[in-house]
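Down below is the structure, laid out as structure tokens.
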Amino acid sequence: MMTTELCDKAWDLYSTKIKRMCFDAWIEYCSMKKIARELLQKKLSFARHFHENKILKLILNKWKTWVQLRKKQHERAAKRLGKVFDCTLQKIILNAWKKETYFNRKAKRYMEQHTEEETEEFIVVEGHHAEGHERHPSDKDKHYSVRHSHEDYVPTLLLKPGKDHFVKLPERALAQIFYYLTLIDLARCAQVSRTWKAMTQMGSVWSNINFSAVKDKVKDTVAGHILLKWHTNVGHLNLRGCATLHWLTFKSIGHCKNLQDLNVSECQGLNDELMRLVTEGCPALLYLNLSHTDITNGTLRLLSRGFPNLQCLSLAYCRKFTDKGLQYLSSGRGCHKLIYLDISGCLQISVEGFRNIADSCSGIQHLAINEMPTLTDRCIQALAEKCHQIVSVEFNESPHVSDTALKALAECKLAKMKIEGSNRITDLSFKLMSTFWPHMKRICVADCQKITDASLKMIAPLNDIVVLNLSDCMRISDAGIKSFVDGASGSKIRELILANCSYVTDSALIKIAQRCPNLIYLNLRYCQAVTDAGIETLILMSSLAYINISGINVTDQALDTLGKQWRLKEITISECKLISDSGIKKFCVDLRRLDYIDFSYSQQLSNHSLKHLAFGCHRLTSISMAGCPKITDVGIQFVAACCSYLHYLDISGCIYITDKALKCLWKGCLQLRILKMLYCTNITKQAALKFASRLQKYEYNDDEPPPWFGYDTNSESLTLKKQKKTRHSIVQSPGEKSMESSMPSTVDPPPEKSVESSRPSTVDPPAEN
């Protein structure tokens, strides 16, 4: 039965359903409307973006048209200026040529007239001689030059003017002379005459070609032509840093069948494809330098196939090959004759890579692994498992190398060891030397802080040590030095470096002077405990030729003593505050062989020092006077007038030197090749650039001297200046602390100079590459 309640319930259900349908339809309508709005916004943004791009495109097209028009205008203007410049230059050249021709004609007429007068005088005197004396039959074919008096009559051969006597030298001597010339110099010599051109075309002159000396000027086509022309003569080729040489040059290298030494380090464009061209035609190659290039595993694979006789290989700082590439060295005919390997800076090599080297090149004798923070004892152990012929090792800047690595090399016959900057090397390494390597010759353990006097006592019995470097080993004292020089190598040591060993005193120097008669090089830089008394004892060593006493509180008395070392060739006295001009004067009295001196950062020295050096040491080739504010143009004039062999000059921080000094150097020092002019405020950029055309290398800026030079642009000492300011502030406010004295010091110390000097090596290196 249909009741009222059932009808109400049905109505509620129906109305609820109708409402739900309407609400769902409304929600769907709203969402579609929202989607429609979003779509409209996207279309509008896209249209706006399209419109903006269209406008930008129109603007860019107009700008591009304008730029092209301006370029054409600039090109037309440059061509016009070029024509005007060429015409002016041609006029200048023609005028100079006319003047030169006029003077040559005048000189030629004078010489012809002078020759005719000499001939007439010769005839007249010959007649007098025939009347007054009997002529010897053998004298009738001789010519004589006659002086004003017949009593001083001396027969001499009359040389014909204009004859080149240089060509009379043997061919071997001529080849040796031209061997030292660069390619540009050879080209200039070939333009002198036909005879000189023929001399430059000797095959032995082109056995060693150095493109690195002209790397900024040589072109790919020129280098390729030269190599193709002399491909049978080229034995040594240097392309270091030649970024302009590419496919044609390396294709020509592939034709040099007798090439033995190739240096392509720092060639930025070198890749595996170019090396493939070289490996196809140079089977006799012995030395190869690939350092600082982008070679990969492909090149290492080619080495084992193309260079079966390779003996020396440098892969320093090549970081694109992997451990697998080193494994290729044993493939094919392999590089089994390799005796020298340099993998410095190759951080990607792991223990597996060193194991591959040991498998491929077990005959290695000389190993250089510098600047490798990733090098560990495990790497050396993996290498030493099969490489038992190693003679010399270098582990500079490898902080993780310890005594364990050297212990792994116990079966080798080491004669040279160079380890710098490792705090894990202790006295145990020196015990290994005395036990396993009795023929050790060169020991360098610079900046190894755990080395003590006990180490020197352990190596005292070794007989053959000629070089010992203990710089920055702070624990070394007199006791260790005395025990070493009293040992078997004391009389044979030739180089001794004790830089920054603060516990070394005069007592050690006295012992060195007594026990080391063959010492050639001595470095005492920053040995603060050394005084004049210790330096005076060095007079006992007549063989001493190179000495470094920079940063020591020695006086003029010590310089007077060193001036009596007549064999002295090089001295470094930088930062010696107690020496004066009078000391330099005494020092230069008897030194005729001195060719290098460095008295940088000695603010008390003036032009008088340069005057005495220039007049007393004519053979000087290198002078460093950086940080000497009292040096002026007058001092440089003395140098330019007397030091004609000067090659290197450092005048950085000499604030009173002007352009006038450069003019004097231009005229007097014709062999000057390196000039440093940093912080020279009175030298103009124009003068520096003008002089730079004749230099191999130069450094210049006109900035103010940095604080660690110790003085300002007015040559006033910064220390005195600071003290004056501090006193002034104390007088003004005695109860308050000076602001300047309370601030932390921001002045950096002067840069530490290299321990190794530019001296020639006294012992031949184990292998040259």
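Just remember, in the structure tokens the first chain shown is A, the second B, etc., residues are 1-based per chain, and ligands are 1-based in the order shown.
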If you run DSSP on the backbone here, which positions in range 543-645 of chain A get strand (DSSP E)? Please write them as an MDAnalysis selection string. chainID A and resid 546:548 570:572 596:598 622:624
Residues from the last selection, C-alpha atoms, saved as a tab-separated table (two decimals), in the first residue's frame:
chain	number	residue	atom	x	y	z
A	546	TYR	CA	128.69	28.47	-6.13
A	547	ILE	CA	127.39	29.71	-2.78
A	548	ASN	CA	124.04	30.91	-1.42
A	570	GLU	CA	127.87	32.43	-8.55
A	571	ILE	CA	126.82	34.06	-5.29
A	572	THR	CA	123.40	34.81	-3.79
A	596	TYR	CA	126.01	35.51	-11.48
A	597	ILE	CA	125.09	37.64	-8.47
A	598	ASP	CA	121.80	38.12	-6.63
A	622	SER	CA	123.09	37.46	-14.65
A	623	ILE	CA	122.29	40.20	-12.12
A	624	SER	CA	119.27	40.29	-9.79
Give me, as a ChimeraX atom specification, the residues of range 207-287 of chain A that a backbone DSSP run labels helix (DSSP H, G or I). /A:207,212-214,220-229,247-253,272-279
Neighbouring residues of Glu536 in chain A were defined as those with any atom within 8 Å, considering only C-alpha atoms; residues of the same chain fewer than 5 positions away were excluded. Please report them as an NGL selection string. :A and (558 or 561-562)
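Coordinates place CA of Leu239 in chain A at a distance of 10.5 Å from CA of Val218 in chain A.
Here CA of His439 in chain A stands at a distance of 5.8 Å from CA of Ala415 in chain A.
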